[in-house]
>>> print(open('query.cif').read())   # mmCIF, C-alpha atoms
data_structure
loop_
_atom_site.group_PDB
_atom_site.id
_atom_site.type_symbol
_atom_site.label_atom_id
_atom_site.label_comp_id
_atom_site.auth_asym_id
_atom_site.auth_seq_id
_atom_site.Cartn_x
_atom_site.Cartn_y
_atom_site.Cartn_z
ATOM 1 C CA MET B 1 52.685 -91.710 32.998
ATOM 2 C CA GLY B 2 49.250 -91.552 34.683
ATOM 3 C CA ASN B 3 46.011 -90.393 33.103
ATOM 4 C CA ASP B 4 46.158 -87.017 34.838
ATOM 5 C CA GLU B 5 49.668 -86.399 33.511
ATOM 6 C CA VAL B 6 48.574 -87.310 29.985
ATOM 7 C CA MET B 7 45.637 -84.903 30.262
ATOM 8 C CA TRP B 8 47.820 -82.009 31.361
ATOM 9 C CA THR B 9 50.703 -82.544 28.913
ATOM 10 C CA PRO B 10 49.152 -80.355 26.136
ATOM 11 C CA LEU B 11 48.781 -77.518 28.636
ATOM 12 C CA GLU B 12 52.531 -77.001 28.608
ATOM 13 C CA THR B 13 52.213 -76.314 24.878
ATOM 14 C CA LEU B 14 49.310 -73.971 25.592
ATOM 15 C CA ARG B 15 51.378 -72.120 28.197
ATOM 16 C CA SER B 16 54.161 -71.602 25.646
ATOM 17 C CA ARG B 17 51.729 -70.366 23.007
ATOM 18 C CA LEU B 18 50.172 -67.877 25.424
ATOM 19 C CA ALA B 19 53.654 -66.414 25.955
ATOM 20 C CA GLY B 20 54.252 -65.986 22.213
ATOM 21 C CA PRO B 21 52.426 -64.199 19.380
ATOM 22 C CA LEU B 22 48.676 -64.739 19.830
ATOM 23 C CA PRO B 23 46.045 -65.445 17.143
ATOM 24 C CA GLY B 24 44.558 -62.080 18.144
ATOM 25 C CA LEU B 25 41.813 -60.172 16.368
ATOM 26 C CA GLU B 26 41.767 -62.461 13.337
ATOM 27 C CA ALA B 27 40.699 -65.390 15.522
ATOM 28 C CA GLN B 28 38.279 -63.284 17.577
ATOM 29 C CA LEU B 29 36.500 -62.043 14.449
ATOM 30 C CA ARG B 30 35.569 -65.577 13.439
ATOM 31 C CA MET B 31 32.808 -65.381 16.057
ATOM 32 C CA ALA B 32 32.010 -61.670 15.704
ATOM 33 C CA PRO B 33 28.458 -60.607 14.784
ATOM 34 C CA ARG B 34 28.151 -59.116 11.286
ATOM 35 C CA LEU B 35 25.697 -56.573 9.947
ATOM 36 C CA SER B 36 23.644 -57.457 6.881
ATOM 37 C CA THR B 37 26.291 -55.655 4.813
ATOM 38 C CA GLY B 38 28.890 -58.125 6.071
ATOM 39 C CA VAL B 39 30.667 -55.427 8.076
ATOM 40 C CA VAL B 40 31.737 -56.197 11.631
ATOM 41 C CA PRO B 41 30.757 -53.199 13.822
ATOM 42 C CA ARG B 42 33.893 -52.105 15.694
ATOM 43 C CA PRO B 43 33.864 -49.002 17.912
ATOM 44 C CA ALA B 44 36.883 -46.802 18.568
ATOM 45 C CA PRO B 45 38.536 -47.928 21.830
ATOM 46 C CA GLU B 46 38.153 -44.636 23.701
ATOM 47 C CA ASN B 47 37.328 -44.061 27.383
ATOM 48 C CA LEU B 48 36.981 -47.780 28.003
ATOM 49 C CA ARG B 49 36.976 -49.176 31.526
ATOM 50 C CA PRO B 50 39.290 -52.140 32.148
ATOM 51 C CA ALA B 51 37.730 -55.503 32.924
ATOM 52 C CA ALA B 52 39.039 -59.044 33.336
ATOM 53 C CA ALA B 53 37.618 -62.512 32.771
ATOM 54 C CA ILE B 54 39.001 -66.001 33.221
ATOM 55 C CA ILE B 55 38.976 -69.133 31.109
ATOM 56 C CA LEU B 56 39.487 -71.683 33.868
ATOM 57 C CA ILE B 57 40.548 -75.140 32.700
ATOM 58 C CA TYR B 58 39.879 -78.042 35.046
ATOM 59 C CA PRO B 59 39.601 -81.847 34.726
ATOM 60 C CA HIS B 60 36.193 -83.495 34.965
ATOM 61 C CA ASP B 61 35.026 -86.910 33.713
ATOM 62 C CA GLY B 62 38.373 -87.526 32.021
ATOM 63 C CA SER B 63 38.523 -84.336 29.951
ATOM 64 C CA TRP B 64 39.067 -80.585 30.192
ATOM 65 C CA HIS B 65 36.167 -78.308 31.076
ATOM 66 C CA ILE B 66 35.718 -74.572 31.561
ATOM 67 C CA PRO B 67 32.978 -72.809 33.578
ATOM 68 C CA LEU B 68 30.578 -70.437 31.862
ATOM 69 C CA THR B 69 27.876 -68.454 33.612
ATOM 70 C CA VAL B 70 24.399 -67.489 32.518
ATOM 71 C CA ARG B 71 24.217 -63.940 33.810
ATOM 72 C CA GLY B 72 21.601 -62.994 36.391
ATOM 73 C CA LEU B 73 18.248 -61.825 35.059
ATOM 74 C CA THR B 74 18.359 -58.571 37.073
ATOM 75 C CA LEU B 75 21.791 -57.339 35.954
ATOM 76 C CA ARG B 76 22.128 -54.069 34.028
ATOM 77 C CA HIS B 77 24.230 -55.345 31.107
ATOM 78 C CA HIS B 78 24.094 -58.590 29.085
ATOM 79 C CA THR B 79 21.169 -59.941 31.127
ATOM 80 C CA GLY B 80 20.694 -63.676 30.643
ATOM 81 C CA GLN B 81 23.672 -63.971 28.313
ATOM 82 C CA VAL B 82 26.429 -66.538 28.717
ATOM 83 C CA SER B 83 29.706 -65.132 30.008
ATOM 84 C CA LEU B 84 33.039 -66.098 31.427
ATOM 85 C CA PRO B 85 33.491 -65.329 35.138
ATOM 86 C CA GLY B 86 34.699 -61.740 35.199
ATOM 87 C CA GLY B 87 34.062 -58.064 35.841
ATOM 88 C CA ARG B 88 35.653 -54.666 36.308
ATOM 89 C CA ILE B 89 39.233 -54.276 37.468
ATOM 90 C CA ASP B 90 39.299 -52.331 40.728
ATOM 91 C CA HIS B 91 41.789 -49.534 41.366
ATOM 92 C CA GLY B 92 45.181 -51.017 42.234
ATOM 93 C CA GLU B 93 44.244 -54.513 41.049
ATOM 94 C CA THR B 94 46.148 -56.525 38.478
ATOM 95 C CA VAL B 95 44.348 -58.168 35.564
ATOM 96 C CA GLU B 96 45.027 -61.596 37.038
ATOM 97 C CA GLY B 97 43.946 -60.494 40.516
ATOM 98 C CA ALA B 98 40.648 -59.162 39.198
ATOM 99 C CA ALA B 99 39.942 -62.322 37.174
ATOM 100 C CA LEU B 100 40.583 -64.548 40.182
ATOM 101 C CA ARG B 101 38.509 -62.344 42.494
ATOM 102 C CA GLU B 102 35.566 -62.417 40.105
ATOM 103 C CA ALA B 103 35.810 -66.202 39.723
ATOM 104 C CA HIS B 104 35.669 -66.485 43.510
ATOM 105 C CA GLU B 105 32.756 -64.051 43.866
ATOM 106 C CA GLU B 106 30.658 -65.446 41.010
ATOM 107 C CA VAL B 107 31.211 -69.215 41.160
ATOM 108 C CA GLY B 108 33.179 -69.859 44.365
ATOM 109 C CA VAL B 109 36.574 -70.766 42.868
ATOM 110 C CA ASN B 110 39.386 -70.562 45.435
ATOM 111 C CA PRO B 111 42.094 -68.274 43.939
ATOM 112 C CA ALA B 112 44.778 -70.204 45.836
ATOM 113 C CA ASN B 113 43.974 -73.291 43.734
ATOM 114 C CA VAL B 114 44.378 -71.548 40.367
ATOM 115 C CA GLU B 115 47.607 -71.486 38.367
ATOM 116 C CA VAL B 116 47.600 -68.669 35.820
ATOM 117 C CA LEU B 117 48.912 -69.786 32.410
ATOM 118 C CA GLY B 118 48.788 -66.459 30.570
ATOM 119 C CA ARG B 119 46.555 -63.900 28.883
ATOM 120 C CA LEU B 120 44.701 -63.650 25.582
ATOM 121 C CA THR B 121 44.251 -60.550 23.410
ATOM 122 C CA PRO B 122 42.195 -57.715 25.014
ATOM 123 C CA LEU B 123 38.752 -57.225 23.460
ATOM 124 C CA VAL B 124 36.620 -54.073 23.170
ATOM 125 C CA ILE B 125 33.036 -54.523 24.430
ATOM 126 C CA ASP B 126 31.150 -51.533 23.113
ATOM 127 C CA VAL B 127 27.780 -52.235 24.770
ATOM 128 C CA SER B 128 29.163 -51.832 28.292
ATOM 129 C CA GLY B 129 32.174 -49.658 27.416
ATOM 130 C CA HIS B 130 34.831 -52.050 28.685
ATOM 131 C CA LEU B 131 38.168 -53.335 27.459
ATOM 132 C CA LEU B 132 38.156 -56.991 28.467
ATOM 133 C CA HIS B 133 41.437 -58.691 29.390
ATOM 134 C CA PRO B 134 40.998 -62.503 29.225
ATOM 135 C CA VAL B 135 43.155 -64.622 31.540
ATOM 136 C CA VAL B 136 43.731 -68.376 31.149
ATOM 137 C CA GLY B 137 44.230 -70.476 34.268
ATOM 138 C CA ARG B 138 43.921 -74.027 35.498
ATOM 139 C CA THR B 139 43.085 -76.028 38.587
ATOM 140 C CA LEU B 140 44.254 -79.580 39.207
ATOM 141 C CA GLU B 141 40.758 -80.773 40.074
ATOM 142 C CA ARG B 142 37.180 -79.667 39.567
ATOM 143 C CA PRO B 143 36.391 -76.690 41.822
ATOM 144 C CA SER B 144 33.599 -76.923 44.384
ATOM 145 C CA PHE B 145 31.419 -74.405 42.592
ATOM 146 C CA GLN B 146 29.065 -72.153 44.537
ATOM 147 C CA ILE B 147 27.223 -69.663 42.352
ATOM 148 C CA ALA B 148 26.327 -66.155 43.506
ATOM 149 C CA THR B 149 22.566 -66.068 43.098
ATOM 150 C CA GLY B 150 21.353 -62.828 41.569
ATOM 151 C CA GLU B 151 24.626 -62.324 39.728
ATOM 152 C CA VAL B 152 24.657 -65.802 38.177
ATOM 153 C CA HIS B 153 21.488 -67.519 36.976
ATOM 154 C CA ARG B 154 23.164 -70.880 36.345
ATOM 155 C CA LEU B 155 26.554 -72.502 35.762
ATOM 156 C CA ILE B 156 27.494 -74.281 32.545
ATOM 157 C CA GLU B 157 30.416 -76.701 32.612
ATOM 158 C CA ALA B 158 31.563 -76.713 29.000
ATOM 159 C CA ARG B 159 33.711 -79.554 27.704
ATOM 160 C CA VAL B 160 36.613 -78.072 25.713
ATOM 161 C CA SER B 161 36.598 -80.908 23.172
ATOM 162 C CA HIS B 162 32.906 -80.145 22.536
ATOM 163 C CA LEU B 163 33.674 -76.475 21.821
ATOM 164 C CA LEU B 164 36.294 -77.540 19.266
ATOM 165 C CA ARG B 165 33.735 -79.434 17.151
ATOM 166 C CA ALA B 166 32.747 -77.688 13.932
ATOM 167 C CA ASP B 167 29.057 -78.602 14.321
ATOM 168 C CA VAL B 168 28.833 -76.694 17.615
ATOM 169 C CA VAL B 169 29.203 -73.348 15.806
ATOM 170 C CA LYS B 170 25.917 -72.017 14.408
ATOM 171 C CA SER B 171 24.449 -68.628 13.536
ATOM 172 C CA GLU B 172 21.263 -66.695 14.202
ATOM 173 C CA ARG B 173 19.746 -63.318 13.342
ATOM 174 C CA ARG B 174 19.801 -60.702 16.126
ATOM 175 C CA ARG B 175 19.144 -56.992 16.308
ATOM 176 C CA ARG B 176 21.922 -54.740 17.556
ATOM 177 C CA SER B 177 21.219 -53.190 20.949
ATOM 178 C CA ARG B 178 22.987 -49.958 19.931
ATOM 179 C CA PRO B 179 22.823 -47.763 16.799
ATOM 180 C CA PRO B 180 22.712 -48.656 14.048
ATOM 181 C CA ARG B 181 19.924 -50.940 15.303
ATOM 182 C CA GLU B 182 20.219 -53.222 12.300
ATOM 183 C CA MET B 183 19.788 -56.938 12.055
ATOM 184 C CA MET B 184 23.019 -58.879 12.222
ATOM 185 C CA ASP B 185 24.219 -62.440 11.790
ATOM 186 C CA ALA B 186 25.541 -63.629 15.146
ATOM 187 C CA PRO B 187 27.667 -66.794 15.269
ATOM 188 C CA TYR B 188 27.388 -68.771 18.500
ATOM 189 C CA PHE B 189 28.556 -71.930 20.225
ATOM 190 C CA GLU B 190 25.655 -74.190 21.190
ATOM 191 C CA VAL B 191 26.453 -75.502 24.672
ATOM 192 C CA ASP B 192 24.074 -77.104 27.173
ATOM 193 C CA ASP B 193 20.978 -75.600 25.505
ATOM 194 C CA ALA B 194 22.557 -72.132 25.607
ATOM 195 C CA HIS B 195 23.832 -69.835 22.856
ATOM 196 C CA VAL B 196 27.328 -68.513 23.622
ATOM 197 C CA TRP B 197 27.794 -65.461 21.390
ATOM 198 C CA GLY B 198 29.204 -61.936 21.351
ATOM 199 C CA ALA B 199 32.311 -61.092 23.361
ATOM 200 C CA THR B 200 32.374 -64.460 25.149
ATOM 201 C CA ALA B 201 32.337 -66.350 21.849
ATOM 202 C CA MET B 202 35.070 -64.095 20.457
ATOM 203 C CA VAL B 203 37.325 -64.728 23.462
ATOM 204 C CA LEU B 204 36.678 -68.463 23.203
ATOM 205 C CA ALA B 205 37.497 -68.379 19.481
ATOM 206 C CA GLU B 206 41.010 -67.133 20.185
ATOM 207 C CA PHE B 207 41.461 -69.624 23.024
ATOM 208 C CA LEU B 208 40.321 -72.525 20.842
ATOM 209 C CA ALA B 209 42.613 -71.404 18.014
ATOM 210 C CA LEU B 210 45.555 -72.107 20.357
ATOM 211 C CA LEU B 211 44.262 -75.652 20.932
ATOM 212 C CA ALA B 212 43.184 -76.633 17.427
ATOM 213 C CA ASP B 213 46.094 -78.971 16.648
ATOM 214 C CA LEU B 214 46.533 -80.439 20.137
ATOM 215 C CA ASP B 215 45.442 -83.961 21.074
ATOM 216 C CA LEU B 216 42.850 -83.519 23.816
ATOM 217 C CA SER B 217 41.603 -87.104 23.817
#
>>> encode(input="query.cif", output="structure tokens")
Amino acid sequence: MGNDEVMWTPLETLRSRLAGPLPGLEAQLRMAPRLSTGVVPRPAPENLRPAAAIILIYPHDGSWHIPLTVRGLTLRHHTGQVSLPGGRIDHGETVEGAALREAHEEVGVNPANVEVLGRLTPLVIDVSGHLLHPVVGRTLERPSFQIATGEVHRLIEARVSHLLRADVVKSERRRRSRPPREMMDAPYFEVDDAHVWGATAMVLAEFLALLADLDLS
């Protein structure tokens, strides 16, 4: 069995796990910001607009990576924050179709080269009023990334094995952008001099929970 085959073998396990019961909210909440009281602020999921994002697994330098984007500095929501490629689901679009379209528009990934493995648990994003549907996919080789300037400030290629390390998870104090405008403790993944927190960190927490006992070496 070649090196590429060895690398992709655990993905068959991941595919099976995505089709079964998911870690869900319990895993997501591990990276959820908490108010000083210890309470996780959770809005009622009403009048939310559907959105999709993709965790795209690809091989690079002998290990799995996923692309993250530092959002453009002129965008209306989550300016300068680290996100997964994604956006609103257009009328008539599927979740998977929207995730692939956004990956193409934001970082130049060819949808024809992506194999969809499954979905993670939808997540409420109260700041922008969206219900985010995360999709997991893979490509057989590193995409030829081309970022959409204005929408994407820079691309981060995050090594999955790095995200799984306990010392990558840290916490900082932030003020909520919506009432109650209290200080909160915000866990984050430290990746390439960036802090990956909020909804992106919560989605990644569930994804990583599916990989925790797999050999990714």
>>> atom_distance(input="query.cif", atom1="CA of Val116 (chain B)", atom2="CA of Gly129 (chain B)")
25.9 Å
>>> atom_distance(input="query.cif", atom1="CA of Val107 (chain B)", atom2="CA of Ala148 (chain B)")
6.2 Å
>>> resolve_selection(input="query.cif", expression="the PyMOL selection byres ((chain B and resi 141) around 10)", output="MDAnalysis selection string")
chainID B and resid 4 57:60 113:114 138:140 142:144
>>> residues_near_point(input="query.cif", point="(25.0, -69.5, 44.1)", cutoff="10 Å", atoms="all atoms listed in the file", output="PyMOL selection string")
chain B and resi 105-108+145-155
>>> residues_around(input="query.cif", residues="Gly24 (chain B)", least_positions_apart="2", cutoff="8 Å", atoms="only C-alpha atoms", output="list in words")
Leu22, Glu26, Ala27, Gln28, Leu120, Thr121 and Glu206 of chain B
>>> closest_residue(input="query.cif", among="B:Leu35, B:Leu48, B:Leu117, B:Val82", to="Gly137 (chain B)", atoms="only C-alpha atoms")
B:Leu117
>>> residues_around(input="query.cif", residues="Leu204 (chain B)", least_positions_apart="5", cutoff="12 Å", atoms="all atoms listed in the file", output="PyMOL selection string")
chain B and resi 23-25+27-32+53-56+66-68+82-84+120-121+123+134-136+158+160+163-164+169+188-189+196-199+209-212
>>> atom_distance(input="query.cif", atom1="CA of Gly86 (chain B)", atom2="CA of Arg174 (chain B)")
24.2 Å
